[in-house]
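Pasted below: coords32.cif, mmCIF, C-alpha atoms.
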data_entry
#
loop_
_atom_site.label_atom_id
_atom_site.label_comp_id
_atom_site.auth_asym_id
_atom_site.auth_seq_id
_atom_site.Cartn_x
_atom_site.Cartn_y
_atom_site.Cartn_z
CA MET A 978 119.42 -245.83 13.26
CA LYS A 979 123.12 -245.02 12.74
CA ILE A 980 123.28 -241.95 14.94
CA LEU A 981 126.85 -240.88 14.19
CA GLU A 982 126.22 -241.01 10.43
CA THR A 983 122.84 -239.25 10.63
CA TYR A 984 123.52 -236.25 12.90
CA GLN A 985 126.24 -233.65 13.33
CA ASN A 986 124.65 -231.67 16.19
CA PHE A 987 123.57 -233.12 19.55
CA TYR A 988 121.64 -231.00 22.04
CA PHE A 989 121.19 -232.33 25.59
CA VAL A 990 118.30 -231.16 27.74
CA GLY A 991 119.55 -231.87 31.25
CA ILE A 992 123.19 -232.30 30.23
CA GLY A 993 124.46 -232.16 33.82
CA GLY A 994 122.98 -235.52 34.75
CA ILE A 995 125.58 -238.22 35.26
CA GLY A 996 124.12 -240.47 32.54
CA MET A 997 123.52 -237.59 30.14
CA SER A 998 127.04 -236.28 30.53
CA ALA A 999 128.52 -239.67 29.60
CA LEU A 1000 126.58 -239.58 26.32
CA ALA A 1001 127.61 -235.97 25.74
CA ARG A 1002 131.26 -236.97 26.16
CA TYR A 1003 130.77 -239.88 23.71
CA PHE A 1004 129.44 -237.63 20.94
CA HIS A 1005 131.99 -234.91 21.70
CA ALA A 1006 134.81 -237.48 21.47
CA SER A 1007 133.31 -238.61 18.13
CA GLY A 1008 133.88 -235.14 16.68
CA LYS A 1009 130.27 -233.94 16.86
CA ASN A 1010 128.95 -230.54 17.92
CA VAL A 1011 127.60 -230.97 21.45
CA SER A 1012 125.72 -228.41 23.52
CA GLY A 1013 122.97 -228.39 26.10
CA TYR A 1014 120.95 -226.97 28.95
CA ASP A 1015 120.82 -227.66 32.66
CA LYS A 1016 118.98 -225.97 35.50
CA THR A 1017 121.97 -225.74 37.84
CA GLU A 1018 125.68 -225.21 37.35
CA THR A 1019 127.60 -227.98 39.11
CA LEU A 1020 131.13 -229.29 39.32
CA LEU A 1021 130.31 -231.72 36.51
CA THR A 1022 128.93 -229.04 34.16
CA GLN A 1023 132.03 -226.94 34.83
CA VAL A 1024 134.21 -229.86 33.73
CA LEU A 1025 132.10 -230.44 30.61
CA MET A 1026 132.47 -226.78 29.66
CA SER A 1027 136.22 -226.99 30.21
CA GLU A 1028 136.25 -229.89 27.74
CA GLY A 1029 134.66 -227.65 25.08
CA ILE A 1030 130.94 -228.38 25.47
CA ASP A 1031 128.67 -225.32 25.41
CA ILE A 1032 126.09 -225.27 28.25
CA VAL A 1033 123.42 -222.71 29.21
CA PHE A 1034 121.56 -222.49 32.52
CA GLU A 1035 118.52 -220.44 31.51
CA ASP A 1036 115.40 -221.84 29.84
CA VAL A 1037 115.64 -219.41 26.93
CA ILE A 1038 115.40 -219.98 23.18
CA ASP A 1039 118.61 -218.20 22.19
CA GLU A 1040 120.27 -217.70 18.81
CA LYS A 1041 122.40 -220.85 19.18
CA ILE A 1042 119.22 -222.93 19.47
CA THR A 1043 117.38 -221.27 16.58
CA MET A 1044 120.39 -221.86 14.32
CA LEU A 1045 120.07 -225.64 14.75
CA HIS A 1046 118.35 -227.55 11.91
CA GLN A 1047 116.05 -230.57 12.18
CA GLU A 1048 117.82 -232.61 9.51
CA ASN A 1049 121.21 -232.78 11.27
CA THR A 1050 120.36 -232.31 14.97
CA LEU A 1051 119.36 -234.90 17.53
CA VAL A 1052 117.86 -233.68 20.80
CA ILE A 1053 118.38 -235.91 23.83
CA TYR A 1054 116.51 -235.39 27.09
CA THR A 1055 116.33 -236.92 30.53
CA PRO A 1056 112.92 -238.08 31.79
CA ALA A 1057 113.70 -236.27 35.04
CA ILE A 1058 112.67 -233.10 33.17
CA LYS A 1059 108.91 -232.91 32.82
CA LYS A 1060 108.26 -229.40 31.45
CA LEU A 1061 110.67 -226.98 29.82
CA GLY A 1062 110.43 -224.23 27.21
CA ILE A 1063 113.53 -225.44 25.35
CA LEU A 1064 112.13 -228.97 25.10
CA ASP A 1065 108.75 -227.62 23.96
CA TYR A 1066 110.53 -225.64 21.22
CA PHE A 1067 112.31 -228.68 19.81
CA ASN A 1068 109.09 -230.71 19.84
CA GLU A 1069 107.08 -227.93 18.16
CA LYS A 1070 109.75 -227.56 15.46
CA ARG A 1071 109.64 -231.32 14.88
CA PHE A 1072 113.24 -232.10 15.77
CA GLU A 1073 114.11 -235.74 16.46
CA VAL A 1074 113.77 -235.87 20.27
CA LEU A 1075 114.78 -239.04 22.11
CA LYS A 1076 115.15 -240.10 25.74
CA ARG A 1077 118.64 -240.69 27.03
CA ALA A 1078 118.00 -244.41 27.52
CA LYS A 1079 116.81 -244.83 23.94
CA VAL A 1080 119.99 -243.22 22.62
CA LEU A 1081 122.17 -245.37 24.88
CA GLY A 1082 120.33 -248.43 23.58
CA LEU A 1083 120.95 -247.41 19.97
CA ILE A 1084 124.66 -246.82 20.59
CA THR A 1085 125.22 -250.16 22.29
CA GLU A 1086 122.85 -252.45 20.36
CA ASN A 1087 125.56 -253.55 17.92
CA THR A 1088 128.05 -254.31 20.71
CA ASP A 1089 128.27 -257.15 23.20
CA CYS A 1090 126.50 -255.15 25.87
CA ILE A 1091 127.29 -255.78 29.56
CA ALA A 1092 124.47 -254.11 31.50
CA VAL A 1093 124.43 -253.74 35.29
CA ALA A 1094 121.06 -253.16 36.93
CA GLY A 1095 119.91 -252.90 40.54
CA THR A 1096 118.66 -250.36 43.04
CA HIS A 1097 122.05 -250.45 44.82
CA GLY A 1098 125.57 -251.27 43.68
CA LYS A 1099 125.24 -250.84 39.93
CA THR A 1100 127.61 -247.88 39.69
CA THR A 1101 130.43 -249.58 41.60
CA THR A 1102 129.92 -252.86 39.73
CA SER A 1103 129.79 -251.33 36.25
CA THR A 1104 132.78 -249.08 36.97
CA LEU A 1105 134.79 -252.02 38.28
CA ILE A 1106 133.92 -254.11 35.21
CA SER A 1107 135.09 -251.23 33.02
CA HIS A 1108 138.36 -251.00 34.94
CA LEU A 1109 138.90 -254.76 34.61
CA CYS A 1110 138.14 -254.62 30.89
CA LYS A 1111 140.72 -251.88 30.43
CA GLU A 1112 143.38 -253.72 32.42
CA ALA A 1113 142.64 -256.87 30.40
CA ASP A 1114 142.96 -254.78 27.21
CA LEU A 1115 139.51 -255.74 25.95
CA PRO A 1116 138.00 -253.57 23.17
CA PHE A 1117 135.19 -251.79 25.05
CA SER A 1118 133.43 -248.52 25.74
CA CYS A 1119 131.68 -247.61 29.00
CA PHE A 1120 128.86 -245.29 30.05
CA LEU A 1121 128.88 -244.99 33.82
CA GLY A 1122 126.70 -243.51 36.54
CA GLY A 1123 129.68 -242.17 38.49
CA ILE A 1124 133.11 -240.69 37.97
CA SER A 1125 135.76 -243.42 37.94
CA GLU A 1126 138.79 -242.46 40.01
CA ASN A 1127 140.93 -244.51 37.59
CA PHE A 1128 139.56 -242.87 34.41
CA ARG A 1129 138.67 -239.48 35.97
CA SER A 1130 135.53 -239.69 33.86
CA ASN A 1131 132.19 -241.47 33.48
CA PHE A 1132 132.98 -242.36 29.86
CA LEU A 1133 135.84 -244.21 28.21
CA TYR A 1134 136.33 -245.50 24.66
CA ASN A 1135 138.79 -248.37 24.20
CA GLY A 1136 137.15 -250.15 21.26
CA SER A 1137 133.69 -251.20 20.15
CA GLN A 1138 133.30 -254.96 20.66
CA TYR A 1139 131.96 -254.63 24.21
CA SER A 1140 130.01 -251.90 25.94
CA VAL A 1141 129.57 -251.57 29.70
CA VAL A 1142 126.50 -249.63 30.80
CA GLU A 1143 124.69 -248.81 33.98
CA ALA A 1144 121.11 -249.99 33.44
CA ASP A 1145 118.93 -247.40 35.19
CA GLU A 1146 115.55 -248.57 36.47
CA TYR A 1147 114.18 -245.01 36.77
CA ASP A 1148 111.31 -244.47 34.31
CA ARG A 1149 111.92 -248.08 33.19
CA SER A 1150 114.87 -246.76 31.17
CA PHE A 1151 116.73 -250.08 31.26
CA LEU A 1152 114.07 -251.68 29.07
CA ASN A 1153 115.54 -249.73 26.11
CA LEU A 1154 118.76 -251.74 26.28
CA SER A 1155 119.77 -254.93 24.47
CA PRO A 1156 121.94 -256.69 27.08
CA ASP A 1157 124.02 -259.68 26.08
CA TRP A 1158 125.40 -260.02 29.59
CA ALA A 1159 123.47 -258.67 32.55
CA ILE A 1160 123.87 -258.35 36.31
CA ILE A 1161 121.08 -257.60 38.76
CA THR A 1162 122.55 -256.51 42.09
CA SER A 1163 119.37 -255.84 44.07
CA THR A 1164 115.64 -255.24 43.63
CA ASP A 1165 114.79 -253.19 46.73
CA ALA A 1166 111.92 -250.74 46.53
CA ASP A 1167 112.86 -247.32 45.12
CA HIS A 1168 111.44 -244.81 42.64
CA LEU A 1169 107.96 -245.45 43.98
CA ASP A 1170 106.85 -242.27 42.18
CA ILE A 1171 107.29 -244.34 39.00
CA TYR A 1172 106.50 -247.90 40.09
CA GLY A 1173 104.01 -247.41 42.91
CA ASP A 1174 105.01 -250.44 45.00
CA LYS A 1175 107.73 -253.05 45.52
CA ASP A 1176 105.93 -255.74 43.48
CA THR A 1177 105.84 -253.49 40.43
CA ILE A 1178 109.53 -252.60 40.59
CA GLU A 1179 110.38 -256.30 40.92
CA GLU A 1180 108.30 -256.95 37.80
CA GLY A 1181 110.34 -254.25 36.04
CA PHE A 1182 113.54 -256.11 36.87
CA ARG A 1183 112.01 -259.37 35.61
CA GLN A 1184 111.22 -257.62 32.31
CA PHE A 1185 114.82 -256.41 32.13
CA ALA A 1186 116.08 -259.96 32.79
CA ALA A 1187 113.91 -261.24 29.96
CA LEU A 1188 115.87 -259.07 27.51
CA VAL A 1189 118.98 -261.24 27.90
CA PRO A 1190 119.14 -263.85 25.09
CA ASP A 1191 118.98 -267.49 26.16
CA ASP A 1192 122.45 -268.16 24.76
CA ARG A 1193 124.02 -265.33 26.82
CA GLN A 1194 124.32 -264.89 30.57
CA LEU A 1195 122.27 -263.38 33.40
CA LEU A 1196 123.92 -263.10 36.80
CA VAL A 1197 121.77 -262.28 39.85
CA ARG A 1198 122.58 -261.71 43.50
CA LYS A 1199 121.39 -264.81 45.32
CA GLY A 1200 117.89 -264.40 46.74
CA SER A 1201 116.81 -261.55 44.48
CA GLY A 1202 113.83 -263.47 43.10
CA ILE A 1203 114.30 -263.21 39.33
CA GLY A 1204 112.22 -265.94 37.75
CA ARG A 1205 114.06 -266.89 34.57
CA PRO A 1206 117.15 -269.18 34.59
CA HIS A 1207 120.29 -267.42 35.77
CA LEU A 1208 123.57 -267.80 37.62
CA THR A 1209 123.81 -266.54 41.19
CA TYR A 1210 126.51 -264.77 43.18
CA ALA A 1211 126.90 -264.12 46.90
CA VAL A 1212 129.29 -263.40 49.77
CA ASN A 1213 129.82 -265.79 52.69
CA GLU A 1214 127.33 -268.30 51.29
CA GLU A 1215 127.61 -270.76 48.45
CA ALA A 1216 126.33 -269.74 45.02
CA ASP A 1217 127.45 -270.28 41.43
CA TYR A 1218 130.03 -267.57 42.08
CA TYR A 1219 130.83 -266.49 45.63
CA SER A 1220 133.47 -264.91 47.85
CA ASP A 1221 134.37 -265.76 51.42
CA ASN A 1222 137.21 -265.68 53.96
CA LEU A 1223 137.05 -261.88 54.20
CA ARG A 1224 139.78 -260.29 56.31
CA MET A 1225 141.53 -256.96 56.75
CA MET A 1226 145.31 -256.71 56.34
CA GLY A 1227 146.55 -253.13 56.67
CA ASP A 1228 144.32 -250.89 54.56
CA SER A 1229 143.31 -253.70 52.19
CA LEU A 1230 140.41 -256.12 52.34
CA TYR A 1231 141.25 -259.68 51.25
CA PHE A 1232 138.87 -262.40 50.09
CA ASP A 1233 138.79 -265.75 48.29
CA PHE A 1234 136.79 -266.14 45.08
CA HIS A 1235 134.99 -269.31 43.95
CA THR A 1236 133.71 -270.23 40.49
CA PRO A 1237 131.67 -273.35 39.63
CA GLY A 1238 134.95 -275.13 38.87
CA GLU A 1239 137.75 -273.65 40.95
CA SER A 1240 138.73 -271.45 43.88
CA VAL A 1241 141.26 -268.61 43.88
CA LYS A 1242 142.68 -267.22 47.11
CA ASP A 1243 143.78 -263.77 48.19
CA PHE A 1244 142.10 -261.20 46.02
CA SER A 1245 142.63 -257.76 47.59
CA TRP A 1246 141.21 -254.29 47.23
CA GLU A 1247 140.65 -251.16 49.24
CA LEU A 1248 136.88 -250.59 49.22
CA PRO A 1249 135.40 -251.53 52.61
CA GLY A 1250 132.11 -253.27 53.30
CA ILE A 1251 130.49 -256.60 52.48
CA HIS A 1252 128.28 -254.84 49.91
CA ASN A 1253 131.40 -253.87 47.95
CA ILE A 1254 132.71 -257.44 48.07
CA GLU A 1255 129.36 -258.46 46.54
CA ASN A 1256 129.93 -255.93 43.76
CA ALA A 1257 133.45 -257.27 43.20
CA THR A 1258 132.16 -260.84 43.11
CA ALA A 1259 129.67 -259.98 40.38
CA ALA A 1260 132.31 -258.17 38.33
CA LEU A 1261 134.79 -261.03 38.65
CA ALA A 1262 132.12 -263.52 37.62
CA VAL A 1263 131.41 -261.64 34.38
CA MET A 1264 135.11 -261.31 33.59
CA HIS A 1265 135.57 -265.04 34.25
CA LYS A 1266 132.76 -265.77 31.78
CA LEU A 1267 134.55 -263.53 29.26
CA GLY A 1268 137.67 -265.67 29.64
CA VAL A 1269 139.99 -263.22 31.43
CA GLY A 1270 142.67 -264.98 33.49
CA PHE A 1271 142.79 -264.77 37.28
CA GLU A 1272 146.29 -263.32 37.49
CA THR A 1273 145.19 -260.40 35.33
CA LEU A 1274 142.06 -259.97 37.44
CA LYS A 1275 143.99 -260.09 40.73
CA LYS A 1276 146.37 -257.37 39.63
CA ALA A 1277 143.60 -255.25 38.15
CA ILE A 1278 141.23 -255.38 41.09
CA ALA A 1279 144.02 -254.45 43.50
CA GLY A 1280 144.53 -251.27 41.45
CA PHE A 1281 140.87 -250.22 41.48
CA LYS A 1282 140.60 -246.77 43.07
CA GLY A 1283 136.81 -246.66 43.26
CA ILE A 1284 134.30 -244.01 42.24
CA LYS A 1285 134.14 -240.38 43.16
CA ARG A 1286 131.64 -239.91 46.01
CA ARG A 1287 131.49 -243.64 46.75
CA TYR A 1288 133.13 -243.89 50.17
CA THR A 1289 135.74 -241.29 49.26
CA ARG A 1290 137.95 -241.21 52.37
CA HIS A 1291 140.56 -238.76 53.65
CA ASN A 1292 142.73 -239.28 56.72
CA TYR A 1293 144.24 -236.22 58.43
CA GLU A 1294 147.29 -235.75 60.63
CA ASN A 1295 145.15 -234.85 63.65
CA GLY A 1296 143.56 -238.32 63.47
CA LYS A 1297 140.26 -237.19 62.04
CA ILE A 1298 138.67 -238.86 59.01
CA TYR A 1299 136.40 -237.38 56.34
CA ILE A 1300 134.22 -239.70 54.21
CA ASP A 1301 131.98 -238.54 51.37
CA ASP A 1302 129.36 -240.82 49.79
CA TYR A 1303 126.53 -240.63 47.25
CA ALA A 1304 124.13 -242.86 49.24
CA HIS A 1305 120.53 -241.59 49.04
CA HIS A 1306 118.46 -244.63 50.09
CA PRO A 1307 118.20 -246.10 53.62
CA THR A 1308 119.81 -249.38 52.53
CA GLU A 1309 122.78 -247.48 51.09
CA ILE A 1310 123.19 -245.31 54.17
CA ASN A 1311 123.08 -248.43 56.35
CA ALA A 1312 125.86 -249.97 54.25
CA VAL A 1313 128.11 -246.91 54.58
CA VAL A 1314 127.53 -246.44 58.31
CA SER A 1315 127.96 -250.18 58.91
CA SER A 1316 131.35 -250.08 57.18
CA ILE A 1317 132.42 -247.11 59.30
CA ARG A 1318 131.27 -248.79 62.52
CA THR A 1319 133.06 -252.01 61.55
CA PHE A 1320 136.44 -250.39 60.96
CA TYR A 1321 136.17 -247.53 63.47
CA PRO A 1322 133.94 -248.88 66.26
CA ASP A 1323 134.95 -246.35 68.93
CA LYS A 1324 135.03 -243.19 66.81
CA LYS A 1325 132.47 -240.41 67.24
CA LEU A 1326 130.52 -240.09 63.97
CA LEU A 1327 128.98 -236.86 62.68
CA VAL A 1328 126.66 -237.36 59.70
CA VAL A 1329 125.60 -234.56 57.35
CA PHE A 1330 122.79 -235.83 55.12
CA GLN A 1331 120.91 -234.16 52.27
CA PRO A 1332 117.68 -236.01 51.40
CA HIS A 1333 117.11 -236.39 47.64
CA LEU A 1334 113.53 -235.92 46.39
CA PHE A 1335 110.43 -235.18 48.45
CA SER A 1336 108.79 -238.40 47.24
CA ARG A 1337 111.72 -240.60 48.32
CA THR A 1338 111.88 -238.83 51.70
CA ARG A 1339 108.15 -239.45 52.19
CA ASP A 1340 108.17 -243.05 51.00
CA PHE A 1341 111.18 -244.14 53.08
CA ALA A 1342 110.97 -241.75 56.04
CA ASP A 1343 111.04 -244.48 58.71
CA GLY A 1344 113.98 -246.20 57.00
CA PHE A 1345 115.91 -242.93 56.75
CA ALA A 1346 115.21 -242.17 60.40
CA GLU A 1347 116.45 -245.59 61.49
CA SER A 1348 119.63 -245.43 59.39
CA LEU A 1349 120.47 -241.86 60.45
CA SER A 1350 119.90 -242.70 64.10
CA GLN A 1351 123.06 -244.84 63.95
CA ALA A 1352 125.18 -241.66 63.98
CA ASP A 1353 126.38 -239.93 67.12
CA GLU A 1354 125.26 -236.55 65.80
CA LEU A 1355 123.27 -235.47 62.73
CA ILE A 1356 123.02 -232.33 60.62
CA LEU A 1357 120.07 -232.75 58.26
CA LEU A 1358 120.09 -230.48 55.22
CA ASP A 1359 117.09 -229.22 53.29
CA ILE A 1360 115.58 -231.72 50.85
CA TYR A 1361 117.10 -231.49 47.36
CA PRO A 1362 114.07 -231.29 45.01
CA ALA A 1363 115.73 -232.32 41.71
CA ARG A 1364 112.77 -232.81 39.33
CA GLU A 1365 110.06 -232.28 41.97
CA ILE A 1366 108.09 -229.23 43.19
CA GLN A 1367 107.82 -228.77 46.94
CA GLU A 1368 104.23 -227.49 46.77
CA ASN A 1369 103.16 -230.96 45.62
CA PHE A 1370 104.45 -232.51 48.88
CA GLU A 1371 102.88 -230.51 51.67
CA GLY A 1372 104.43 -231.20 55.05
CA ILE A 1373 107.37 -233.23 53.71
CA THR A 1374 110.38 -231.32 55.02
CA SER A 1375 113.68 -232.05 56.68
CA GLY A 1376 112.19 -230.83 59.94
CA TRP A 1377 109.43 -233.42 59.61
CA LEU A 1378 112.00 -236.16 59.00
CA LEU A 1379 114.23 -234.96 61.84
CA LYS A 1380 111.45 -235.57 64.38
CA LYS A 1381 111.56 -239.27 63.50
CA VAL A 1382 115.31 -239.55 64.21
CA THR A 1383 115.97 -240.86 67.74
CA LEU A 1384 119.27 -239.04 68.37
CA ASP A 1385 119.63 -236.44 71.09
CA LYS A 1386 122.14 -234.43 69.06
CA LYS A 1387 120.39 -233.52 65.82
CA GLU A 1388 119.54 -230.37 63.90
CA CYS A 1389 118.49 -229.03 60.51
CA SER A 1390 120.58 -226.68 58.40
CA ALA A 1391 120.47 -224.96 55.05
CA LEU A 1392 123.31 -225.98 52.74
CA PRO A 1393 125.06 -222.56 52.79
CA ASP A 1394 125.25 -222.71 56.61
CA ALA A 1395 126.39 -226.34 56.85
CA LEU A 1396 130.15 -225.80 56.94
CA ASP A 1397 129.86 -223.30 59.82
CA ARG A 1398 127.71 -225.84 61.70
CA ILE A 1399 130.27 -228.59 61.07
CA LYS A 1400 133.09 -226.43 62.41
CA GLU A 1401 131.26 -226.17 65.76
CA LYS A 1402 131.01 -229.95 66.25
CA ASP A 1403 133.17 -232.42 68.16
CA PHE A 1404 133.74 -235.55 66.06
CA HIS A 1405 136.33 -238.10 65.00
CA ILE A 1406 134.71 -239.02 61.66
CA LEU A 1407 132.68 -236.74 59.39
CA LEU A 1408 130.38 -238.37 56.83
CA THR A 1409 128.69 -236.24 54.18
CA VAL A 1410 126.09 -238.23 52.32
CA GLY A 1411 123.44 -237.58 49.67
CA ALA A 1412 122.85 -237.32 45.91
CA GLY A 1413 121.99 -233.65 45.44
CA ASN A 1414 124.30 -230.63 45.49
CA ILE A 1415 125.83 -231.58 48.83
CA ASP A 1416 128.94 -232.29 46.75
CA THR A 1417 129.63 -228.53 46.81
CA LEU A 1418 130.67 -228.99 50.46
CA TYR A 1419 133.41 -231.45 49.55
CA SER A 1420 136.26 -229.11 48.62
CA PRO A 1421 135.60 -226.56 51.41
CA ILE A 1422 135.48 -229.38 53.99
CA CYS A 1423 138.72 -230.91 52.70
CA LYS A 1424 140.41 -227.50 52.85
CA TRP A 1425 139.18 -226.78 56.38
CA MET A 1426 140.09 -230.23 57.74
CA SER A 1427 143.57 -230.15 56.20
CA GLU A 1428 144.24 -226.79 57.90
CA ASN A 1429 143.01 -227.82 61.38
#

Can the structure in the file be given as C-alpha cells, please?
Amino acid sequence: MKILETYQNFYFVGIGGIGMSALARYFHASGKNVSGYDKTETLLTQVLMSEGIDIVFEDVIDEKITMLHQENTLVIYTPAIKKLGILDYFNEKRFEVLKRAKVLGLITENTDCIAVAGTHGKTTTSTLISHLCKEADLPFSCFLGGISENFRSNFLYNGSQYSVVEADEYDRSFLNLSPDWAIITSTDADHLDIYGDKDTIEEGFRQFAALVPDDRQLLVRKGSGIGRPHLTYAVNEEADYYSDNLRMMGDSLYFDFHTPGESVKDFSWELPGIHNIENATAALAVMHKLGVGFETLKKAIAGFKGIKRRYTRHNYENGKIYIDDYAHHPTEINAVVSSIRTFYPDKKLLVVFQPHLFSRTRDFADGFAESLSQADELILLDIYPAREIQENFEGITSGWLLKKVTLDKKECSALPDALDRIKEKDFHILLTVGAGNIDTLYSPICKWMSEN
C-alpha cells in the first residue's frame, strides 16, 4: 500500500502517544491533513497543536469527524486504547483503520530499516543512531520513542534510503516491521499483561530477530539469548563489538571502542552510566557496519545531547542538582540511581516516583520496592493508569507499594501536591522519575530550584 498516494486525511486515535506523534509529524510534513484525539492534554499535544495539527480531548463524534470520507482517510490507532466511541464510529463506517505499528511498517518497508528493540535502552540507542546518521549526512528518516535534544523532535526527515525506528515490543508491535538491520538491547520481563511470563516475551524477541534477512545484520547485547546467528556487543567484556577503559574526565565520559578488526581510543560523551555506554556501543557498531568513518563518529557522538527525560540534569548555583528521567521499570530505575550514586556518592537523594500502570506495579512490586529503597527519601505518587482501569486491580495502590519500601523517610502524595511536598524536603539531589504525567512537574521544579 502506498499510503501517501492513497490518502489525504489521517486521523490519529491516541495522537499524544510518543510513537503516534512521530507518525503524525511525518504525514503533516508530507502535506497531508492530520488531526486526532487523545484523552489528556499534555506538553506534547500542545506542541503538536502549535505545529498546526488539530486535536480534540473529548470522545465525541463532532462535525470535523463526520466530514471525513472513507475513500481518502486513513485512521491510525494505538493498541493502548481498547474501547472508544470515536474508534467505534470509524469501524462502523468502514474506514480503513490500522494499528500504529502496521502503518510504521508500511512506511519503512521500502527503506533500509534500522530497527532497535529491547525492554530497556531502545530509545537512547535509536536516537543516537539517528543523530549519527545526520552528522554523517546519510539519507534517512527516523521515528523515535523520545524527544531528541538535538532535533527537538521525535521525527526527522533527511532522505529515504534508511529509516531508523524504535521497535516496540508492546502488543507484539515490532513484528509488523521489516528490519534490514536490527539491535536487541535487552529481553527483560515487561508488559506481562500482554505476554504473561518472561519465556513468552523472550520468544517474541526471537520472532522479531527472525525477521532480519540472512544477508543483513542482527546485533544483540551479549548474553541476551537470541537463538539465530548474530553479532554481539558488550561493555567491559570481549564481544564482536565492545567498549572498555571507561573513565571520567571533567563532565565527559571517555571509552575505547573495539570492532572485530581494530580498536579506536578516546570516544567521549556526556551521558553517564554503563547502560548508556552499552547503547553507544550498539549504535557505533551499526554505523561501522554502514561504513561511516571513526573520525566522523567521534565528533558526532561527542555532540550528542541525549533525549528529553532521559537523565535530563540541571545544576544550580546553590549546589543542588535536579535530574528528570523516564524510567518506569525496576531495572531502569536501578540504572539511573546507580549512575547518581557513582558520580555523587555522598549526596542526599530525594526520589519522586510515579508508577506507570497498575499491572506493571503489581507484577514488579518487589523490584520497584528494592530499587526505590536505594534513595534517602521517597515521595511516591499515585499510579498513572494510562490504558488501565483501577477497578480491575483491587488493592494495587501506591500505598500498598510504599509498605514494601524499606526506607524510614517515605510518603505518598497526589501529583498536584507533589511540588509543595518537595519544597519541604532537605536534599542535595532531586530525581523525578516515571512515564506518566509526572513530566508536568518538570517546569515548576526548574523554576523553583532556580529561584532558591

> Which is closer to Phe1281 of chain A than all the others in A:Ser1150, A:Ser1229, A:Thr1374, A:Ser1137, using only C-alpha atoms?
Replying inline: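 Result for the nearest residue to Phe1281 of chain A: A:Ser1229.
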
> For Asn1131 of chain A, which residue out of A:Met1026, A:Ala1216, A:Ile995, A:Leu1083 is the nearest one, using all atoms listed in the file?
Replying inline: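 Smallest separation from Asn1131 of chain A among the options: A:Ile995.
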
Using all atoms listed in the file, determine which residues lie at most 9 Å from Thr1258 of chain A, disregarding the query and same-chain residues fewer than 5 positions distant; provide the list as an mmCIF file with C-alpha atoms, keeping the file's coordinate frame.
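So the final result, stored in selection.cif, reads:
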data_model
loop_
_atom_site.group_PDB
_atom_site.id
_atom_site.type_symbol
_atom_site.label_atom_id
_atom_site.label_comp_id
_atom_site.auth_asym_id
_atom_site.auth_seq_id
_atom_site.Cartn_x
_atom_site.Cartn_y
_atom_site.Cartn_z
ATOM 1 C CA THR A 1102 129.920 -252.860 39.730
ATOM 2 C CA TYR A 1210 126.510 -264.770 43.180
ATOM 3 C CA ALA A 1211 126.900 -264.120 46.900
ATOM 4 C CA VAL A 1212 129.290 -263.400 49.770
ATOM 5 C CA TYR A 1218 130.030 -267.570 42.080
ATOM 6 C CA TYR A 1219 130.830 -266.490 45.630
ATOM 7 C CA SER A 1220 133.470 -264.910 47.850
ATOM 8 C CA PHE A 1234 136.790 -266.140 45.080
ATOM 9 C CA HIS A 1235 134.990 -269.310 43.950
ATOM 10 C CA ASN A 1253 131.400 -253.870 47.950
ATOM 11 C CA VAL A 1263 131.410 -261.640 34.380
#

>> Can you pull out the residues contacting segment 1340-1342 of chain A? Cut-off 8 Å, using all atoms listed in the file, and skip same-chain residues under 2 positions away; I want them as a PyMOL selection string.
In response: chain A and resi 1169+1306-1307+1336-1338+1344-1346+1378+1381

> Got a sec: who's within 10 Å of Ile1356 of chain A, counting all atoms listed in the file, leaving out chain neighbours fewer than 5 positions off, as a list in words?
Replying inline: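 Residues meeting the cut-off are Leu1327, Val1328, Val1329, Phe1330, Gln1331, Leu1349, Leu1379, Lys1386, Lys1387, Glu1388, Cys1389, Ser1390, Ala1391, Ala1395, Arg1398, Ile1399 and Thr1409 of chain A.
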